[in-house]
Every structure is written in C-alpha cells, then in structure tokens.
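Chemist: File follows, input-v9.txt with compact mmCIF, C-alpha atoms and all ligand atoms:
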```txt
# COMPACT_ATOMS: atom_id res chain seq x y z
CA MET J 1 90.29 89.25 85.63
CA HIS J 2 91.63 85.72 85.32
CA PRO J 3 94.41 85.22 87.93
CA ALA J 4 96.86 84.08 85.22
CA LEU J 5 96.54 87.46 83.49
CA ALA J 6 96.78 89.57 86.62
CA ALA J 7 100.58 89.44 87.02
CA PRO J 8 101.61 90.52 83.45
CA VAL J 9 98.97 93.30 83.46
CA SER J 10 100.26 94.54 86.84
CA ILE J 11 103.87 94.62 85.59
CA LEU J 12 102.82 96.69 82.57
CA ARG J 13 100.76 99.07 84.72
CA SER J 14 103.61 99.67 87.15
CA LEU J 15 106.10 100.36 84.30
CA LEU J 16 103.80 103.14 83.11
CA ASN J 17 103.61 104.63 86.59
CA THR J 18 107.18 105.32 87.71
CA GLY J 19 107.69 107.76 90.57
CA THR J 20 108.13 108.04 94.29
CA ASN J 21 105.10 110.08 95.41
CA VAL J 22 103.31 107.11 96.92
CA THR J 23 104.41 103.76 98.37
CA CYS J 24 102.46 100.55 98.75
CA PRO J 25 103.32 98.99 102.14
CA VAL J 26 102.13 95.57 100.94
CA CYS J 27 104.54 95.11 98.00
CA ASN J 28 106.92 97.89 99.15
CA ARG J 29 107.03 99.55 95.73
CA SER J 30 106.74 103.26 94.94
CA PHE J 31 104.82 104.97 92.15
CA ARG J 32 103.77 108.32 90.77
CA ARG J 33 100.23 107.62 91.98
CA PHE J 34 97.79 104.85 92.85
CA ILE J 35 95.19 103.96 90.24
CA PRO J 36 91.37 103.92 90.21
CA GLY J 37 89.55 100.97 91.71
CA GLY J 38 87.00 99.93 94.30
CA GLY J 39 84.12 98.35 92.33
CA ILE J 40 80.73 100.03 92.75
CA ASN J 41 82.28 102.56 95.13
CA ARG J 42 84.98 103.64 92.65
CA ARG J 43 87.79 105.87 93.94
CA PRO J 44 90.61 107.60 91.96
CA ASP J 45 93.58 106.44 94.11
CA ALA J 46 92.30 103.10 95.35
CA ARG J 47 94.57 100.45 93.91
CA CYS J 48 98.30 99.64 93.90
CA PRO J 49 99.35 99.29 90.24
CA ALA J 50 101.68 96.39 91.07
CA CYS J 51 99.97 94.15 93.64
CA ASP J 52 96.33 95.40 93.45
CA ALA J 53 96.24 96.26 97.18
CA LEU J 54 93.36 98.64 98.00
CA GLU J 55 93.46 101.27 100.77
CA ARG J 56 92.32 98.80 103.44
CA HIS J 57 94.92 96.24 102.33
CA ARG J 58 97.62 98.89 102.48
CA LEU J 59 96.50 99.90 105.99
CA PHE J 60 96.66 96.29 107.16
CA GLY J 61 99.96 95.74 105.31
CA LEU J 62 101.52 98.70 107.13
CA PHE J 63 100.09 97.42 110.42
CA LEU J 64 101.56 93.96 109.78
CA ARG J 65 105.00 95.35 109.03
CA ARG J 66 105.08 97.85 111.91
CA THR J 67 103.34 96.13 114.78
CA THR J 68 103.44 92.35 114.29
CA ASN J 69 106.00 89.61 113.74
CA LEU J 70 103.79 87.70 111.28
CA LEU J 71 106.21 88.38 108.42
CA THR J 72 109.32 87.26 110.24
CA ARG J 73 108.70 84.61 112.87
CA ASN J 74 108.62 80.85 112.43
CA GLN J 75 104.93 79.91 112.54
CA VAL J 76 102.04 77.95 111.06
CA LEU J 77 99.83 80.60 109.47
CA LEU J 78 96.33 80.20 108.01
CA HIS J 79 95.17 82.75 105.45
CA PHE J 80 91.47 82.32 104.76
CA ALA J 81 90.17 83.82 101.48
CA PRO J 82 93.68 84.83 100.37
CA GLU J 83 94.05 88.18 98.62
CA ARG J 84 96.63 88.06 95.83
CA CYS J 85 98.65 90.92 97.37
CA PHE J 86 98.98 89.33 100.83
CA ARG J 87 99.49 85.85 99.42
CA GLN J 88 102.54 87.10 97.55
CA LEU J 89 103.80 88.94 100.62
CA PHE J 90 103.47 85.88 102.90
CA LYS J 91 104.89 83.48 100.31
CA ASN J 92 107.95 85.73 99.97
CA SER J 93 108.49 86.30 103.67
CA ALA J 94 106.87 83.55 105.72
CA ASN J 95 109.01 81.23 107.78
CA GLY J 96 107.45 77.92 108.67
CA GLU J 97 104.16 76.93 107.06
CA TYR J 98 101.76 79.18 105.15
CA VAL J 99 98.35 77.63 104.40
CA THR J 100 95.75 79.27 102.15
CA ALA J 101 92.10 78.17 102.29
CA ASP J 102 88.78 79.22 100.79
CA LEU J 103 85.47 77.67 99.73
CA GLN J 104 86.40 77.88 96.05
CA SER J 105 88.98 80.58 95.24
CA PRO J 106 91.65 79.45 92.74
CA LEU J 107 94.20 81.34 94.90
CA ALA J 108 93.64 78.92 97.83
CA GLU J 109 95.39 75.55 98.18
CA VAL J 110 92.74 74.04 100.47
CA HIS J 111 89.06 74.24 99.55
CA THR J 112 86.92 74.17 102.70
CA ASP J 113 83.82 75.76 104.21
CA ILE J 114 84.66 78.32 106.90
CA THR J 115 81.77 77.02 109.05
CA ALA J 116 83.19 73.45 108.94
CA LEU J 117 86.95 73.70 108.42
CA VAL J 118 88.86 70.55 107.46
CA PHE J 119 91.75 71.42 109.81
CA PRO J 120 92.35 69.74 113.18
CA ASP J 121 91.97 71.61 116.49
CA ARG J 122 94.81 73.97 117.45
CA ARG J 123 96.60 73.65 114.11
CA PHE J 124 97.66 77.31 113.61
CA ASP J 125 99.81 79.82 115.49
CA ALA J 126 98.08 82.71 113.72
CA LEU J 127 95.42 83.35 111.12
CA ILE J 128 94.11 86.15 108.98
CA CYS J 129 90.60 86.36 107.57
CA LEU J 130 89.72 89.67 105.92
CA HIS J 131 86.28 90.68 104.68
CA VAL J 132 84.75 87.21 104.76
CA LEU J 133 82.21 87.15 107.62
CA GLU J 134 79.84 89.68 106.04
CA HIS J 135 79.26 87.06 103.30
CA ILE J 136 78.61 84.13 105.66
CA ALA J 137 75.05 83.34 106.79
CA ASP J 138 76.14 81.65 110.05
CA ASP J 139 79.00 83.94 111.06
CA ALA J 140 78.90 82.62 114.66
CA ALA J 141 79.73 79.13 113.34
CA ALA J 142 82.60 80.57 111.28
CA LEU J 143 84.03 82.36 114.33
CA LYS J 144 83.82 79.16 116.38
CA GLU J 145 85.75 77.33 113.69
CA LEU J 146 88.46 79.99 113.49
CA PHE J 147 88.78 79.77 117.28
CA ARG J 148 88.93 75.96 117.19
CA VAL J 149 91.82 75.74 114.69
CA LEU J 150 93.90 78.40 116.48
CA LYS J 151 96.42 77.39 119.15
CA PRO J 152 95.86 78.75 122.68
CA GLY J 153 97.83 82.00 122.84
CA GLY J 154 97.50 82.37 119.06
CA THR J 155 96.34 85.52 117.30
CA ALA J 156 93.68 85.94 114.63
CA TYR J 157 93.18 89.09 112.57
CA ILE J 158 89.48 89.03 111.67
CA LEU J 159 88.43 92.10 109.70
CA THR J 160 85.10 93.00 108.12
CA PRO J 161 83.43 96.25 107.12
CA VAL J 162 82.12 97.72 110.40
CA GLU J 163 79.97 100.84 110.56
CA GLN J 164 81.40 102.48 113.67
CA SER J 165 78.42 104.85 113.99
CA LEU J 166 76.10 101.84 114.29
CA GLU J 167 75.68 100.31 117.75
CA LYS J 168 74.06 97.04 116.71
CA THR J 169 74.56 94.94 113.58
CA ILE J 170 71.76 94.97 111.00
CA GLU J 171 71.06 91.49 109.64
CA ASP J 172 69.63 90.24 106.37
CA ARG J 173 66.04 89.04 106.05
CA GLU J 174 65.24 85.74 104.37
CA GLY J 175 64.32 86.24 100.74
CA SER J 176 65.90 89.69 100.30
CA THR J 177 66.90 90.71 96.79
CA ALA J 178 70.36 91.72 95.56
CA GLU J 179 69.10 95.31 95.18
CA GLU J 180 67.87 95.38 98.78
CA ARG J 181 71.18 94.02 100.09
CA THR J 182 73.17 96.58 98.08
CA GLU J 183 70.97 99.32 99.52
CA ARG J 184 71.20 98.09 103.12
CA PHE J 185 74.66 96.47 103.29
CA ASP J 186 76.61 98.20 100.46
CA ALA J 187 77.02 95.08 98.27
CA PRO J 188 74.70 92.45 96.75
CA ASP J 189 76.57 89.59 98.45
CA HIS J 190 76.79 91.15 101.94
CA LEU J 191 74.34 89.59 104.40
CA ARG J 192 74.62 92.20 107.13
CA LYS J 193 76.09 95.51 108.17
CA TYR J 194 78.18 95.09 111.31
CA GLY J 195 78.00 97.67 114.05
CA ARG J 196 80.23 98.19 117.07
CA ASP J 197 78.82 94.97 118.59
CA PHE J 198 81.11 93.12 116.16
CA VAL J 199 83.57 93.02 119.09
CA GLN J 200 81.06 91.12 121.25
CA ARG J 201 80.25 88.76 118.38
CA ILE J 202 83.91 87.77 118.10
CA GLY J 203 84.14 87.58 121.88
CA SER J 204 81.23 85.10 121.97
CA ALA J 205 83.44 82.57 120.17
CA GLY J 206 85.96 82.79 123.04
CA PHE J 207 88.40 85.35 121.67
CA ARG J 208 89.81 88.29 123.56
CA VAL J 209 89.38 91.21 121.14
CA GLU J 210 91.05 94.57 120.58
CA ALA J 211 89.53 96.99 118.04
CA ILE J 212 92.42 99.08 116.70
CA ASP J 213 91.90 102.32 114.76
CA PHE J 214 95.37 102.17 113.22
CA TYR J 215 94.61 104.95 110.71
CA LYS J 216 94.13 107.34 113.60
CA GLU J 217 97.63 106.55 114.91
CA LEU J 218 99.31 107.62 111.65
CA LYS J 219 100.65 111.05 110.73
CA PRO J 220 98.94 112.98 107.87
CA GLU J 221 102.04 112.59 105.67
CA GLU J 222 102.02 108.81 106.21
CA ARG J 223 98.34 108.58 105.27
CA LYS J 224 99.15 110.45 102.04
CA LYS J 225 102.29 108.48 101.22
CA TYR J 226 100.55 105.11 101.64
CA GLY J 227 97.22 106.26 100.16
CA LEU J 228 95.08 105.43 103.19
CA ILE J 229 91.50 106.33 104.07
CA PRO J 230 89.75 106.13 107.46
CA GLY J 231 87.06 103.65 108.46
CA GLU J 232 88.78 100.26 108.57
CA PHE J 233 89.41 99.00 112.12
CA ILE J 234 91.81 96.14 112.75
CA TYR J 235 90.45 93.45 115.08
CA ARG J 236 93.21 91.60 116.91
CA CYS J 237 91.65 88.47 118.42
CA THR J 238 93.59 86.29 120.83
CA ARG J 239 92.72 82.78 121.94
CA PRO J 240 93.48 82.82 125.67
CA ALA J 241 96.41 80.58 126.62
ZN ZN U 301 101.44 96.99 96.13
```
Output the file's structure in the form of structure tokens.
Ligand SMILES: [Zn+2]
Modeler:
Amino acid sequence: MHPALAAPVSILRSLLNTGTNVTCPVCNRSFRRFIPGGGINRRPDARCPACDALERHRLFGLFLRRTTNLLTRNQVLLHFAPERCFRQLFKNSANGEYVTADLQSPLAEVHTDITALVFPDRRFDALICLHVLEHIADDAAALKELFRVLKPGGTAYILTPVEQSLEKTIEDREGSTAEERTERFDAPDHLRKYGRDFVQRIGSAGFRVEAIDFYKELKPEERKKYGLIPGEFIYRCTRPA
C-alpha cells in the first residue's frame, strides 16, 4: 500500500474494531481483536488495525516500554529501515534527535547503504535495526558499520529471524532462484537463515551481545492481551565503553 494511503485506511479499520480484548503495546490502543496479516505466512491475529504492528513488533514495543529508556531519555537515535509503527512511536516520544535511514524506503529521511553508512563515527547513542541483515549479502560489513556509528557505551537492537533450533547459519549460494530462497530461507529476498551463531556474528563486529527471549518472560495473559507469538529473540548489542 502507498504510505500516503496507510494512515486513513488504518483509522477506518480501527473504528470498525472497537473493544478492549487486545492491546497493541506499540501504539497503546485497544481493540476487539487484531486483524489478519503476515504475507505468505498469513495469520488471523497478526496485525494491529491502527499502526500495522505485527506480533514481533508488538513484542519489541512491549520490551522497549518495559525494559529500556529509549522512549524517554535525551539521545541521538538511529532507526535503520524504519517501520511505520515504530517511526510514529519514536517521533511522538523521542527526546533529542531521531534519525531514520534506509537504502530507498520513502519512510526514511536519509538514503544510505547499510554497508557504507554516510554517518560519521560515534554519531549515535542508540540504534535499532530490525529484520534487515537477512537481506544483506555482506552482513559482516553492515554490522561493522552499525558498530562504527555507535558511541562507545551505546546500545544497538539488531534483530533478524533466527532459527533457534539451528546451530549454524545456512547461507545463500550464488545464482539461487527466488523459489529456492523461499524454500530454504522462508522468503524470496532472504539470503540466509540465521542459526544460534548469530550471536557470534554480531560479536565479531565488536559488540557485546545478549540474546533475550522476552516472550518467555511474559505471563500467558500478557501474551494473549498483546497478541504475541514465540520465536523472536531480542538481541541487545553494546559497544564496549
Ligand atoms: Zn498498534
């Protein structure tokens, strides 16, 4: 959908969905139910009718609100590949400077390649980069760049799909077809399926990494209220001071 149409359509959808059964922790609004979404892997309660947050966005939104100060403190924050739901949240709540960047997304203010960022060294106090690296051929170069632009002591939230039952990442072969990539990596534009060694890959760029299974920490009634599903780990990556 064209970004200019997204907002009016969302307002209409949420008016038709009044209730308090479920709450979206990204936009903080309540509804009768979430709505279907999720692309090729379609699910009945995937999407927030107001801000379009999917389950994994809602999990990260709840994590942000409960465990971090990213929505309240004075900071210079980089959001790479900005999702509409988080962009709105940060624009409404961020103190200091909020910078959005992407190779070509119309939602980003700065257009730049993640493997060669236009930003100077140590520019940001914090950054978030969700579900980008699985699309990037040279993900090691991207991680080095994210490390470079972060201040020492700064925190990066770098999330990707990670198959926790897989020890080692499975990489793409040169010349693979879209069908093969969908079969092996769950989407035609994914270049690999990360395994648990994702932690070491981030660590190789210099970060100290914590893999957080935040879903597991939540009560069953919270999972239901916020419409969450398991499987998305949150990777908190710190540049040592
Ligand atoms: Zn929402």
Chemist: Taking into account all atoms listed in the file, which residue in the set J:Ala187, J:Leu78, J:Cys51, J:Ala108 is nearest to J:Val149?
Modeler: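 Once distances to J:Val149 are computed over all atoms listed in the file, the minimum belongs to J:Leu78.
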Chemist: Residues of chain J that have any atom at most 9 Å from an atom of ligand ZN 301 (chain U): could you tabulate them with the shortest-distance atom pair and the distance in Å to one decimal, using only C-alpha atoms and all ligand atoms, ordered by chain and increasing number, as a tab-separated table?
Modeler:
```
residue	atom	partner	partner_atom	distance
J:Thr23	CA	U:ZN301	ZN	7.7
J:Cys24	CA	U:ZN301	ZN	4.5
J:Pro25	CA	U:ZN301	ZN	6.6
J:Val26	CA	U:ZN301	ZN	5.1
J:Cys27	CA	U:ZN301	ZN	4.1
J:Asn28	CA	U:ZN301	ZN	6.3
J:Arg29	CA	U:ZN301	ZN	6.2
J:Ser30	CA	U:ZN301	ZN	8.3
J:Arg47	CA	U:ZN301	ZN	8.0
J:Cys48	CA	U:ZN301	ZN	4.7
J:Pro49	CA	U:ZN301	ZN	6.7
J:Ala50	CA	U:ZN301	ZN	5.1
J:Cys51	CA	U:ZN301	ZN	4.1
J:Asp52	CA	U:ZN301	ZN	6.0
J:Ala53	CA	U:ZN301	ZN	5.4
J:Leu54	CA	U:ZN301	ZN	8.5
J:Arg58	CA	U:ZN301	ZN	7.7
J:Cys85	CA	U:ZN301	ZN	6.8
```
Chemist: Which one of J:Ala241, J:Tyr226, J:Glu171, J:Val110 sits closest to J:Phe31 if you count all atoms listed in the file?
Modeler: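 Among the listed residues, the smallest separation from J:Phe31 belongs to J:Tyr226.
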Chemist: Could you build a table of the residues in stretch 48-76 of chain J lying no more than 12 Å from stretch 211-225 of chain J, giving for each the nearest pair of atoms and their separation in Å rounded to one decimal place, using all atoms listed in the file, ordered by chain and ascending residue number, as JSON lines?
Modeler:
```
{"residue": "J:Glu55", "atom": "CA", "partner": "J:Arg223", "partner_atom": "CA", "distance": 9.9}
{"residue": "J:Arg56", "atom": "CA", "partner": "J:Tyr215", "partner_atom": "CA", "distance": 9.8}
{"residue": "J:Arg58", "atom": "CA", "partner": "J:Arg223", "partner_atom": "CA", "distance": 10.1}
{"residue": "J:Leu59", "atom": "CA", "partner": "J:Tyr215", "partner_atom": "CA", "distance": 7.2}
{"residue": "J:Phe60", "atom": "CA", "partner": "J:Phe214", "partner_atom": "CA", "distance": 8.5}
{"residue": "J:Gly61", "atom": "CA", "partner": "J:Phe214", "partner_atom": "CA", "distance": 11.2}
{"residue": "J:Leu62", "atom": "CA", "partner": "J:Phe214", "partner_atom": "CA", "distance": 9.3}
{"residue": "J:Phe63", "atom": "CA", "partner": "J:Phe214", "partner_atom": "CA", "distance": 7.3}
{"residue": "J:Leu64", "atom": "CA", "partner": "J:Phe214", "partner_atom": "CA", "distance": 10.8}
{"residue": "J:Arg66", "atom": "CA", "partner": "J:Phe214", "partner_atom": "CA", "distance": 10.7}
{"residue": "J:Thr67", "atom": "CA", "partner": "J:Phe214", "partner_atom": "CA", "distance": 10.1}
```
Chemist: Keeping only C-alpha atoms, write those residues as a short mmCIF file (atom, residue, chain, number, x, y, z; two decimals), in the coordinates of the input.
Modeler:
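Now in result-v8.cif:
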```
data_model
loop_
_atom_site.label_atom_id
_atom_site.label_comp_id
_atom_site.auth_asym_id
_atom_site.auth_seq_id
_atom_site.Cartn_x
_atom_site.Cartn_y
_atom_site.Cartn_z
CA GLU J 55 93.46 101.27 100.77
CA ARG J 56 92.32 98.80 103.44
CA ARG J 58 97.62 98.89 102.48
CA LEU J 59 96.50 99.90 105.99
CA PHE J 60 96.66 96.29 107.16
CA GLY J 61 99.96 95.74 105.31
CA LEU J 62 101.52 98.70 107.13
CA PHE J 63 100.09 97.42 110.42
CA LEU J 64 101.56 93.96 109.78
CA ARG J 66 105.08 97.85 111.91
CA THR J 67 103.34 96.13 114.78
#
```
Chemist: Excluding J:His111 and any residue of its chain fewer than 2 positions from it, enumerate the residues within 12 Å of it, using all atoms listed in the file, and give them as a PyMOL selection string.
Modeler: chain J and resi 80-82+99-109+113-114+116-119
Chemist: From the set J:Glu183, J:Leu143, J:Arg173, J:Arg239, which residue has the shortest atom-to-atom contact distance to J:Arg201, counting all atoms listed in the file?
Modeler: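 Going through J:Glu183, J:Leu143, J:Arg173, J:Arg239 one by one, the smallest distance to J:Arg201 is for J:Leu143.
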Chemist: Go through J:Ser165, J:Phe185, J:Tyr194, J:Gly154 and flag the residue nearest J:Thr238, using all atoms listed in the file for the distances.
Modeler: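 Residue with the minimum atom-to-atom distance to J:Thr238: J:Gly154.
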Chemist: So that I can check the surroundings of J:Val209, please list as a list in words every protein, DNA and RNA residue that reaches within 6 Å of it, counting only C-alpha atoms and ignoring chain neighbours fewer than 2 positions away.
Modeler: Phe207, Arg236 and Cys237 of chain J
Chemist: Taking into account only C-alpha atoms, which residue in the set J:Arg208, J:Arg181, J:Arg148, J:Lys168 is nearest to J:Arg196?
Modeler: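 With only C-alpha atoms as the atom set, the closest residue is J:Lys168.
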Chemist: Show me the residues close to (75.4, 93.8, 93.2) - anything with an atom within 10 Å, counting all atoms listed in the file - and format the list as a CSV table (one decimal) with C-alpha atoms, in the coordinates of the input.
Modeler:
```csv
chain,number,residue,atom,x,y,z
J,39,GLY,CA,84.1,98.4,92.3
J,40,ILE,CA,80.7,100.0,92.8
J,177,THR,CA,66.9,90.7,96.8
J,178,ALA,CA,70.4,91.7,95.6
J,179,GLU,CA,69.1,95.3,95.2
J,180,GLU,CA,67.9,95.4,98.8
J,181,ARG,CA,71.2,94.0,100.1
J,182,THR,CA,73.2,96.6,98.1
J,183,GLU,CA,71.0,99.3,99.5
J,186,ASP,CA,76.6,98.2,100.5
J,187,ALA,CA,77.0,95.1,98.3
J,188,PRO,CA,74.7,92.4,96.8
J,189,ASP,CA,76.6,89.6,98.4
J,190,HIS,CA,76.8,91.2,101.9
```
Chemist: Nearest to J:His135 among J:Leu70, J:Leu191, J:Ile202, J:Val76, with distances taken over only C-alpha atoms: which residue is it?
Modeler: J:Leu191
Chemist: Which distance in Å separates atom CA of J:Ser176 and atom CA of J:Leu159, to one decimal?
Modeler: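 A separation of 24.5 Å between them.
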Chemist: Please report the interatomic distance between atom CA of J:Ile229 and atom CA of J:Glu83 in Å with one decimal.
Modeler: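 Distance reported for this atom pair: 19.1 Å.
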Chemist: Expressed in Å to a single decimal, how great is the separation between atom CA of J:Leu89 and atom CA of J:Pro8?
Modeler: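 Rounded to one decimal, the two atoms are 17.4 Å apart.
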